[in-house]
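Q: Input: one structure, supplied below.
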Amino acid sequence: MSRSISIVRRKPNLVDLTIRKRPGITGFRFGASVNFDAAFTTFAVVPNYGIKSPSVPEVAAGHVGSQFRGLVRFLFDPADYFATAAALVDANPFYLRVESQNPDGSFNSPEAMHLVLPPSVQPNRSFFLRGTAPAIILTGSDTNVTVDTSVNDTLRIRANDSDDYTEIIVTSGAVTAKTVIRDDLNTAFITNNLPFLASIVGTNQIQIDSTIPAAFIDIDTIANGSTLNTPLGLADGATVTPLEIQLPMQCNDFEIKNDGAIDLLFSFNPTGGEYLIPSNVAPFSSVSKYITSVSQIFLRGSGDTTTFSSIWTLRNDRPM
């Protein structure tokens with residue numbers, strides 16, 4: 001996905017970042033976390049004219065010229081927000097995430113998280129990513145071979161929170177086989193260019209999988225007409241989001257190891273080109289690459305969550 005946040009400067013007690021202004025958006029709400037798989041805590045709302053936190057001196061902003069035209073600028077000292085968001089420790093890596101703000105004051109869904117490293121003058125330094133990769137799946141709780149779809153025959157689903165829901169109507173009947181529902185869903189997914197695949201898993205349970213790295217699985221509520229949620233036992237209004245990490249600039253050499261018992265899929269492209277790293281019980285459970293510039297990564301477990309660890313190098317790094 002396109003990069004939400006750009007780090008202009010990173011110095012001791014200073015994060016200087018920008019976000020491109022967008023039509024119909026009045027500002028951005030910032031959250032911070034200690035890791036990509038941990039909870040994010042909101043710590044600031046930055047309007048389109050930009051702000052700086054109290055401890056940042058005026059001189060830090062410098063001369064505001066044409067290089068910041070069309071951008072929202074946020075300069076802050078992590079210590080200024082530590083009491084609100086404990087992840088913001090200047091000497092430690094932390095993750096930032098933004099939600100764009102609408103004119104009515106509401107906020108849109110969180111965007112891709114961005115890793116912010118502590119300031120350093122060490123060239124070609126390394127950093128680590130460790131945690132849990134989610135599975136981008138939704139599984140119904142109903143275990144019957146057949147279900148009643150005579151009334152509840154409609155699924156409203158989308159692959160991105162900015163898209164409209166696609167309405168899918170499956171075979172209607174008092175006794176409808178799950179295999180028929182699966183086939184109806186897959187036909188509709190293909191017809192509507194939705195990156196999903198329906199299957200039957202476990203005890204006759206319908207499962208919907210994402211087929212590309214960056215796809216959400218977002219199901220509407222029963223109240224809004226997604227009535228198939230009821231017979232399949234799909235969580236009402238459920239949303240499963242992909243793991244996308246925006247990496248620091250000049251991120252090159254890396255090694256990723258699958259530490260879990262489930263295969264790990266990763267990609268550098270939101271629409272595909274996934275690589276598979278077998279589970280840790282396989283002979284080869286890691287992938288490494290060198291002299292390859294990387295700006296973002298998408299990770300997910302194949303059918304279930306899995307844990308991974310990785311090491312990355314910033315080549316030609318210089319103090320900023």
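Letters A, B, ... mark the chains of the structure tokens in the order given; residue numbers begin at 1 per chain; ligand numbers begin at 1, in order shown.
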For range 85-99 of chain A, work out the shell of residues within 8 Å, counting only C-alpha atoms and skipping chain neighbours fewer than 4 positions away, then give it as a ChimeraX atom specification.
A: /A:4,12-13,28-36,40-43,77-79,81,107-119
Q: Give me a file of those residues, with C-alpha atoms, as a PDB file, in the first residue's frame.
A:
ATOM      1  CA  SER A   4       1.117   6.875   5.060  1.00  0.00           C
ATOM      2  CA  PRO A  12      17.462  12.494  19.946  1.00  0.00           C
ATOM      3  CA  ASN A  13      14.130  13.706  21.370  1.00  0.00           C
ATOM      4  CA  PHE A  28      -4.924  12.472  11.518  1.00  0.00           C
ATOM      5  CA  ARG A  29      -5.101  10.616  14.812  1.00  0.00           C
ATOM      6  CA  PHE A  30      -1.843   8.965  15.909  1.00  0.00           C
ATOM      7  CA  GLY A  31      -1.441   5.773  17.899  1.00  0.00           C
ATOM      8  CA  ALA A  32       1.716   4.074  19.188  1.00  0.00           C
ATOM      9  CA  SER A  33       2.660   0.530  20.149  1.00  0.00           C
ATOM     10  CA  VAL A  34       5.732  -1.325  21.381  1.00  0.00           C
ATOM     11  CA  ASN A  35       5.298  -4.020  18.716  1.00  0.00           C
ATOM     12  CA  PHE A  36       3.294  -4.651  15.563  1.00  0.00           C
ATOM     13  CA  PHE A  40      -2.009   0.695  19.916  1.00  0.00           C
ATOM     14  CA  THR A  41      -2.669   3.672  22.198  1.00  0.00           C
ATOM     15  CA  THR A  42      -3.920   6.967  20.782  1.00  0.00           C
ATOM     16  CA  PHE A  43      -1.733   9.906  21.821  1.00  0.00           C
ATOM     17  CA  ASP A  77       9.461  14.553  21.350  1.00  0.00           C
ATOM     18  CA  PRO A  78       8.386  11.023  22.351  1.00  0.00           C
ATOM     19  CA  ALA A  79       8.785  11.988  26.013  1.00  0.00           C
ATOM     20  CA  TYR A  81       3.483  11.716  25.104  1.00  0.00           C
ATOM     21  CA  PHE A 107     -12.114   8.656  12.112  1.00  0.00           C
ATOM     22  CA  ASN A 108     -11.512   6.090   9.389  1.00  0.00           C
ATOM     23  CA  SER A 109      -9.943   2.660   9.861  1.00  0.00           C
ATOM     24  CA  PRO A 110      -6.292   2.480  10.968  1.00  0.00           C
ATOM     25  CA  GLU A 111      -3.729   2.523   8.176  1.00  0.00           C
ATOM     26  CA  ALA A 112      -0.519   0.537   7.886  1.00  0.00           C
ATOM     27  CA  MET A 113       1.793   0.813  10.875  1.00  0.00           C
ATOM     28  CA  HIS A 114       5.212   2.425  10.510  1.00  0.00           C
ATOM     29  CA  LEU A 115       8.328   1.303  12.382  1.00  0.00           C
ATOM     30  CA  VAL A 116      10.311   4.182  13.927  1.00  0.00           C
ATOM     31  CA  LEU A 117      13.837   3.359  15.073  1.00  0.00           C
ATOM     32  CA  PRO A 118      15.774   5.216  17.779  1.00  0.00           C
ATOM     33  CA  PRO A 119      18.338   7.775  16.592  1.00  0.00           C
TER      34      PRO A 119
END
Q: Looking only at strand (DSSP E or B) from DSSP on the backbone, list the matching residues of range 91-270 of chain A as a count of residues only.
A: 75
Q: Smallest atom-to-atom distance to Trp312 in chain A: which of A:Leu247, A:Val175, A:Leu264, A:Ala215, using only C-alpha atoms?
A: A:Leu247
Q: Calculate how many Å separate CA of Ile51 in chain A from CA of Glu244 in chain A, rounding to one decimal.
A: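 Result for CA of Ile51 in chain A versus CA of Glu244 in chain A: 26.8 Å, one decimal.
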Q: My list of candidates is A:Thr221, A:Arg158, A:Ile206, A:Gln101. Which is closest to Asn193 in chain A when distances are computed with only C-alpha atoms?
A: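 The answer is A:Arg158, which sits nearest to Asn193 in chain A.
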Q: When you look at Ile169 in chain A with a cut-off of 10 Å (counting only C-alpha atoms), what residues show up, excluding the ones that are within fewer than 2 positions of it in the same chain? I need them as a VMD selection string.
A: chain A and resid 149 152 to 156 166 to 167 171 to 172 181 184 to 185 188 226 to 228
Q: Could you pull out all residues of range 21-242 of chain A with a DSSP call of helix (DSSP H, G or I) and give them as a list of chain:residue names?
A: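 The residues of range 21-242 of chain A classed as helix (DSSP H, G or I) are A:Glu58, A:Val59, A:Ala60, A:Ala61, A:Ser66, A:Gln67, A:Phe68, A:Pro78, A:Ala79, A:Asp80, A:Tyr81, A:Lys178, A:Thr179, A:Val180, A:Ile181, A:Arg182, A:Asp183, A:Asp184, A:Leu185, A:Asn186, A:Thr187, A:Ala188, A:Phe189, A:Ile190, A:Thr191, A:Asn229, A:Thr230, A:Pro231, A:Leu232.
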Q: Those residues you just picked out, can you put them in a file as a PDB file, in the first residue's frame with N, CA and C atoms?
A:
ATOM      1  N   GLU A  58      11.037  25.936  18.730  1.00  0.00           N
ATOM      2  CA  GLU A  58      10.613  26.507  17.453  1.00  0.00           C
ATOM      3  C   GLU A  58      11.680  26.341  16.375  1.00  0.00           C
ATOM      4  N   VAL A  59      12.953  26.439  16.780  1.00  0.00           N
ATOM      5  CA  VAL A  59      14.031  26.368  15.811  1.00  0.00           C
ATOM      6  C   VAL A  59      14.087  25.002  15.135  1.00  0.00           C
ATOM      7  N   ALA A  60      13.528  23.959  15.765  1.00  0.00           N
ATOM      8  CA  ALA A  60      13.574  22.617  15.184  1.00  0.00           C
ATOM      9  C   ALA A  60      12.774  22.533  13.897  1.00  0.00           C
ATOM     10  N   ALA A  61      11.743  23.367  13.790  1.00  0.00           N
ATOM     11  CA  ALA A  61      10.911  23.337  12.584  1.00  0.00           C
ATOM     12  C   ALA A  61      11.640  23.925  11.387  1.00  0.00           C
ATOM     13  N   SER A  66       8.678  25.408   0.340  1.00  0.00           N
ATOM     14  CA  SER A  66       7.794  24.678  -0.567  1.00  0.00           C
ATOM     15  C   SER A  66       7.904  23.168  -0.412  1.00  0.00           C
ATOM     16  N   GLN A  67       8.987  22.681   0.272  1.00  0.00           N
ATOM     17  CA  GLN A  67       9.139  21.232   0.407  1.00  0.00           C
ATOM     18  C   GLN A  67       8.042  20.609   1.262  1.00  0.00           C
ATOM     19  N   PHE A  68       7.328  21.437   2.048  1.00  0.00           N
ATOM     20  CA  PHE A  68       6.248  20.915   2.896  1.00  0.00           C
ATOM     21  C   PHE A  68       4.870  21.303   2.375  1.00  0.00           C
ATOM     22  N   PRO A  78       9.132  12.148  21.786  1.00  0.00           N
ATOM     23  CA  PRO A  78       8.386  11.023  22.351  1.00  0.00           C
ATOM     24  C   PRO A  78       8.084  11.175  23.832  1.00  0.00           C
ATOM     25  N   ALA A  79       8.993  11.822  24.573  1.00  0.00           N
ATOM     26  CA  ALA A  79       8.785  11.988  26.013  1.00  0.00           C
ATOM     27  C   ALA A  79       7.551  12.818  26.335  1.00  0.00           C
ATOM     28  N   ASP A  80       7.150  13.701  25.412  1.00  0.00           N
ATOM     29  CA  ASP A  80       5.976  14.537  25.651  1.00  0.00           C
ATOM     30  C   ASP A  80       4.688  13.730  25.722  1.00  0.00           C
ATOM     31  N   TYR A  81       4.703  12.537  25.138  1.00  0.00           N
ATOM     32  CA  TYR A  81       3.483  11.716  25.104  1.00  0.00           C
ATOM     33  C   TYR A  81       3.635  10.393  25.846  1.00  0.00           C
ATOM     34  N   LYS A 178     -23.878 -27.199   2.772  1.00  0.00           N
ATOM     35  CA  LYS A 178     -22.739 -26.279   2.878  1.00  0.00           C
ATOM     36  C   LYS A 178     -21.884 -26.313   1.608  1.00  0.00           C
ATOM     37  N   THR A 179     -21.811 -27.467   0.933  1.00  0.00           N
ATOM     38  CA  THR A 179     -21.033 -27.547  -0.303  1.00  0.00           C
ATOM     39  C   THR A 179     -21.628 -26.642  -1.382  1.00  0.00           C
ATOM     40  N   VAL A 180     -22.957 -26.527  -1.406  1.00  0.00           N
ATOM     41  CA  VAL A 180     -23.615 -25.644  -2.366  1.00  0.00           C
ATOM     42  C   VAL A 180     -23.314 -24.185  -2.030  1.00  0.00           C
ATOM     43  N   ILE A 181     -23.379 -23.858  -0.737  1.00  0.00           N
ATOM     44  CA  ILE A 181     -23.072 -22.487  -0.310  1.00  0.00           C
ATOM     45  C   ILE A 181     -21.627 -22.138  -0.636  1.00  0.00           C
ATOM     46  N   ARG A 182     -20.724 -23.066  -0.381  1.00  0.00           N
ATOM     47  CA  ARG A 182     -19.299 -22.835  -0.713  1.00  0.00           C
ATOM     48  C   ARG A 182     -19.137 -22.523  -2.195  1.00  0.00           C
ATOM     49  N   ASP A 183     -19.757 -23.345  -3.035  1.00  0.00           N
ATOM     50  CA  ASP A 183     -19.627 -23.148  -4.484  1.00  0.00           C
ATOM     51  C   ASP A 183     -20.274 -21.835  -4.932  1.00  0.00           C
ATOM     52  N   ASP A 184     -21.424 -21.503  -4.352  1.00  0.00           N
ATOM     53  CA  ASP A 184     -22.078 -20.227  -4.680  1.00  0.00           C
ATOM     54  C   ASP A 184     -21.175 -19.048  -4.320  1.00  0.00           C
ATOM     55  N   LEU A 185     -20.557 -19.116  -3.145  1.00  0.00           N
ATOM     56  CA  LEU A 185     -19.676 -18.031  -2.714  1.00  0.00           C
ATOM     57  C   LEU A 185     -18.476 -17.894  -3.643  1.00  0.00           C
ATOM     58  N   ASN A 186     -17.851 -19.009  -3.991  1.00  0.00           N
ATOM     59  CA  ASN A 186     -16.657 -18.943  -4.848  1.00  0.00           C
ATOM     60  C   ASN A 186     -16.998 -18.423  -6.240  1.00  0.00           C
ATOM     61  N   THR A 187     -18.153 -18.796  -6.757  1.00  0.00           N
ATOM     62  CA  THR A 187     -18.580 -18.264  -8.050  1.00  0.00           C
ATOM     63  C   THR A 187     -18.763 -16.752  -7.975  1.00  0.00           C
ATOM     64  N   ALA A 188     -19.382 -16.295  -6.892  1.00  0.00           N
ATOM     65  CA  ALA A 188     -19.603 -14.848  -6.714  1.00  0.00           C
ATOM     66  C   ALA A 188     -18.293 -14.106  -6.487  1.00  0.00           C
ATOM     67  N   PHE A 189     -17.362 -14.713  -5.767  1.00  0.00           N
ATOM     68  CA  PHE A 189     -16.057 -14.069  -5.549  1.00  0.00           C
ATOM     69  C   PHE A 189     -15.356 -13.846  -6.884  1.00  0.00           C
ATOM     70  N   ILE A 190     -15.397 -14.845  -7.759  1.00  0.00           N
ATOM     71  CA  ILE A 190     -14.757 -14.715  -9.071  1.00  0.00           C
ATOM     72  C   ILE A 190     -15.476 -13.663  -9.922  1.00  0.00           C
ATOM     73  N   THR A 191     -16.796 -13.734  -9.938  1.00  0.00           N
ATOM     74  CA  THR A 191     -17.591 -12.806 -10.753  1.00  0.00           C
ATOM     75  C   THR A 191     -17.365 -11.351 -10.346  1.00  0.00           C
ATOM     76  N   ASN A 229     -24.873 -14.502   7.739  1.00  0.00           N
ATOM     77  CA  ASN A 229     -24.063 -14.619   8.963  1.00  0.00           C
ATOM     78  C   ASN A 229     -24.700 -15.583   9.955  1.00  0.00           C
ATOM     79  N   THR A 230     -26.021 -15.549  10.041  1.00  0.00           N
ATOM     80  CA  THR A 230     -26.724 -16.333  11.057  1.00  0.00           C
ATOM     81  C   THR A 230     -26.614 -17.840  10.832  1.00  0.00           C
ATOM     82  N   PRO A 231     -27.027 -18.387   9.666  1.00  0.00           N
ATOM     83  CA  PRO A 231     -26.938 -19.845   9.517  1.00  0.00           C
ATOM     84  C   PRO A 231     -25.508 -20.378   9.481  1.00  0.00           C
ATOM     85  N   LEU A 232     -24.550 -19.585   9.009  1.00  0.00           N
ATOM     86  CA  LEU A 232     -23.170 -20.058   8.953  1.00  0.00           C
ATOM     87  C   LEU A 232     -22.429 -19.859  10.272  1.00  0.00           C
TER      88      LEU A 232
END
Q: Taking 3 positions as the minimum chain separation for residues in the same chain, which residues sit within 10 Å of Ala282 in chain A when counting only C-alpha atoms? Answer as a ChimeraX atom specification.
A: /A:258,261,263,277-279,285-286
Q: Pick out the closest residue to Leu14 in chain A from this set: A:Ser53, A:Thr139, A:Thr241, A:Asn144. Count only C-alpha atoms.
A: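 Nearest to Leu14 in chain A: A:Ser53.
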Q: CA of Phe284 in chain A to CA of Gln296 in chain A: how many Å, to one decimal?
A: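 Going from CA of Phe284 in chain A over to CA of Gln296 in chain A covers 23.8 Å.
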Q: Report the distance between CA of Ser106 in chain A and CA of Lys52 in chain A in Å, rounded to one decimal place.
A: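 Between these atoms lies a distance of 22.5 Å.
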Q: So which residues touch Pro270 in chain A within 8 Å, counting only C-alpha atoms, skipping near sequence neighbours fewer than 2 positions away, as a PyMOL selection string?
A: chain A and resi 1+212-215+267-268+272+298
Q: Go ahead and dump the residues you just picked, C-alpha atoms, as a short mmCIF file (atom, residue, chain, number, x, y, z; two decimals), in the first residue's frame.
A:
data_model
loop_
_atom_site.label_atom_id
_atom_site.label_comp_id
_atom_site.auth_asym_id
_atom_site.auth_seq_id
_atom_site.Cartn_x
_atom_site.Cartn_y
_atom_site.Cartn_z
CA MET A 1 0.00 0.00 0.00
CA ILE A 212 -3.78 -11.76 -1.59
CA PRO A 213 -1.53 -10.24 1.11
CA ALA A 214 -3.30 -6.91 1.59
CA ALA A 215 -6.96 -7.95 1.49
CA SER A 267 5.15 -10.46 0.31
CA PHE A 268 6.44 -7.02 -0.60
CA GLY A 272 0.52 -10.87 -4.63
CA PHE A 298 2.99 -8.14 4.39
#
Q: If you count only C-alpha atoms, which residues fall within 9 Å of range 218-220 of chain A, apart from same-chain ones fewer than 2 positions away, as a PyMOL selection string?
A: chain A and resi 155-161+165+216+222-226+229+234-241
Q: Mind writing the picked residues with N, CA and C atoms as a CSV table (one decimal), in the first residue's frame?
A:
chain,number,residue,atom,x,y,z
A,155,LEU,N,-25.0,-12.6,1.8
A,155,LEU,CA,-23.7,-12.2,2.5
A,155,LEU,C,-23.3,-10.9,1.9
A,156,ARG,N,-23.0,-9.9,2.8
A,156,ARG,CA,-22.4,-8.6,2.3
A,156,ARG,C,-21.0,-8.6,2.8
A,157,ILE,N,-20.1,-8.5,1.8
A,157,ILE,CA,-18.6,-8.6,2.1
A,157,ILE,C,-17.8,-7.7,1.3
A,158,ARG,N,-16.7,-7.3,1.8
A,158,ARG,CA,-15.7,-6.4,1.0
A,158,ARG,C,-14.3,-6.8,1.4
A,159,ALA,N,-13.4,-6.3,0.5
A,159,ALA,CA,-12.0,-6.6,0.7
A,159,ALA,C,-11.2,-5.4,1.1
A,160,ASN,N,-11.8,-4.3,1.3
A,160,ASN,CA,-11.2,-3.0,1.7
A,160,ASN,C,-12.2,-2.1,2.3
A,161,ASP,N,-11.8,-1.5,3.4
A,161,ASP,CA,-12.8,-0.7,4.2
A,161,ASP,C,-13.2,0.6,3.4
A,165,TYR,N,-19.8,-2.6,0.1
A,165,TYR,CA,-20.0,-4.1,0.3
A,165,TYR,C,-20.6,-4.7,-1.0
A,216,PHE,N,-8.5,-7.2,3.2
A,216,PHE,CA,-9.3,-7.3,4.4
A,216,PHE,C,-10.3,-8.4,4.2
A,222,ILE,N,-25.9,-8.2,10.3
A,222,ILE,CA,-27.2,-8.8,10.0
A,222,ILE,C,-28.2,-7.7,9.9
A,223,ALA,N,-28.1,-6.7,10.7
A,223,ALA,CA,-29.0,-5.5,10.6
A,223,ALA,C,-28.9,-4.8,9.3
A,224,ASN,N,-27.8,-4.8,8.7
A,224,ASN,CA,-27.6,-4.2,7.4
A,224,ASN,C,-27.8,-5.1,6.2
A,225,GLY,N,-28.3,-6.3,6.5
A,225,GLY,CA,-28.7,-7.2,5.4
A,225,GLY,C,-27.8,-8.4,5.2
A,226,SER,N,-26.7,-8.6,5.9
A,226,SER,CA,-25.9,-9.7,5.8
A,226,SER,C,-26.4,-10.9,6.6
A,229,ASN,N,-24.9,-14.5,7.7
A,229,ASN,CA,-24.1,-14.6,9.0
A,229,ASN,C,-24.7,-15.6,10.0
A,234,LEU,N,-21.2,-16.9,11.3
A,234,LEU,CA,-20.1,-16.0,11.1
A,234,LEU,C,-20.3,-14.8,12.1
A,235,ALA,N,-19.3,-14.4,12.7
A,235,ALA,CA,-19.4,-13.3,13.7
A,235,ALA,C,-20.0,-12.0,13.0
A,236,ASP,N,-21.0,-11.5,13.6
A,236,ASP,CA,-21.7,-10.4,13.0
A,236,ASP,C,-20.8,-9.1,12.9
A,237,GLY,N,-20.7,-8.6,11.7
A,237,GLY,CA,-19.9,-7.4,11.4
A,237,GLY,C,-18.4,-7.7,11.6
A,238,ALA,N,-17.9,-8.9,11.4
A,238,ALA,CA,-16.5,-9.3,11.7
A,238,ALA,C,-15.6,-8.7,10.6
A,239,THR,N,-14.4,-8.3,11.1
A,239,THR,CA,-13.4,-7.7,10.2
A,239,THR,C,-12.1,-8.4,10.6
A,240,VAL,N,-11.3,-8.9,9.6
A,240,VAL,CA,-10.0,-9.4,9.8
A,240,VAL,C,-9.1,-8.6,8.9
A,241,THR,N,-8.0,-8.0,9.5
A,241,THR,CA,-7.1,-7.1,8.8
A,241,THR,C,-5.8,-7.7,8.5
Q: May I ask which of the residues A:Thr313, A:Ser162, A:Asn252, A:Thr305 is the closest one to Ser293 in chain A, counting only C-alpha atoms?
A: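 For Ser293 in chain A, the nearest of the given residues is A:Asn252.
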Q: Could you pull the residues within 10 Å of Phe128 in chain A, counting only C-alpha atoms, minus those fewer than 2 positions along the same chain, as a PDB file with C-alpha atoms, in the first residue's frame?
A:
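Saved to result20.pdb:
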ATOM      1  CA  PRO A  93      11.949   1.239  18.519  1.00  0.00           C
ATOM      2  CA  SER A 126      20.517  -3.917  12.089  1.00  0.00           C
ATOM      3  CA  ARG A 130       9.580 -10.565  16.150  1.00  0.00           C
ATOM      4  CA  PHE A 254      17.121  -9.359   5.698  1.00  0.00           C
ATOM      5  CA  GLU A 255      16.497 -12.858   7.006  1.00  0.00           C
ATOM      6  CA  ILE A 256      13.051 -14.082   8.075  1.00  0.00           C
ATOM      7  CA  SER A 309      11.552 -13.564  13.836  1.00  0.00           C
ATOM      8  CA  SER A 310      13.643 -11.525  11.405  1.00  0.00           C
ATOM      9  CA  ILE A 311      16.729  -9.358  11.173  1.00  0.00           C
ATOM     10  CA  TRP A 312      17.113  -6.390   8.814  1.00  0.00           C
ATOM     11  CA  THR A 313      19.969  -4.068   7.864  1.00  0.00           C
TER      12      THR A 313
END
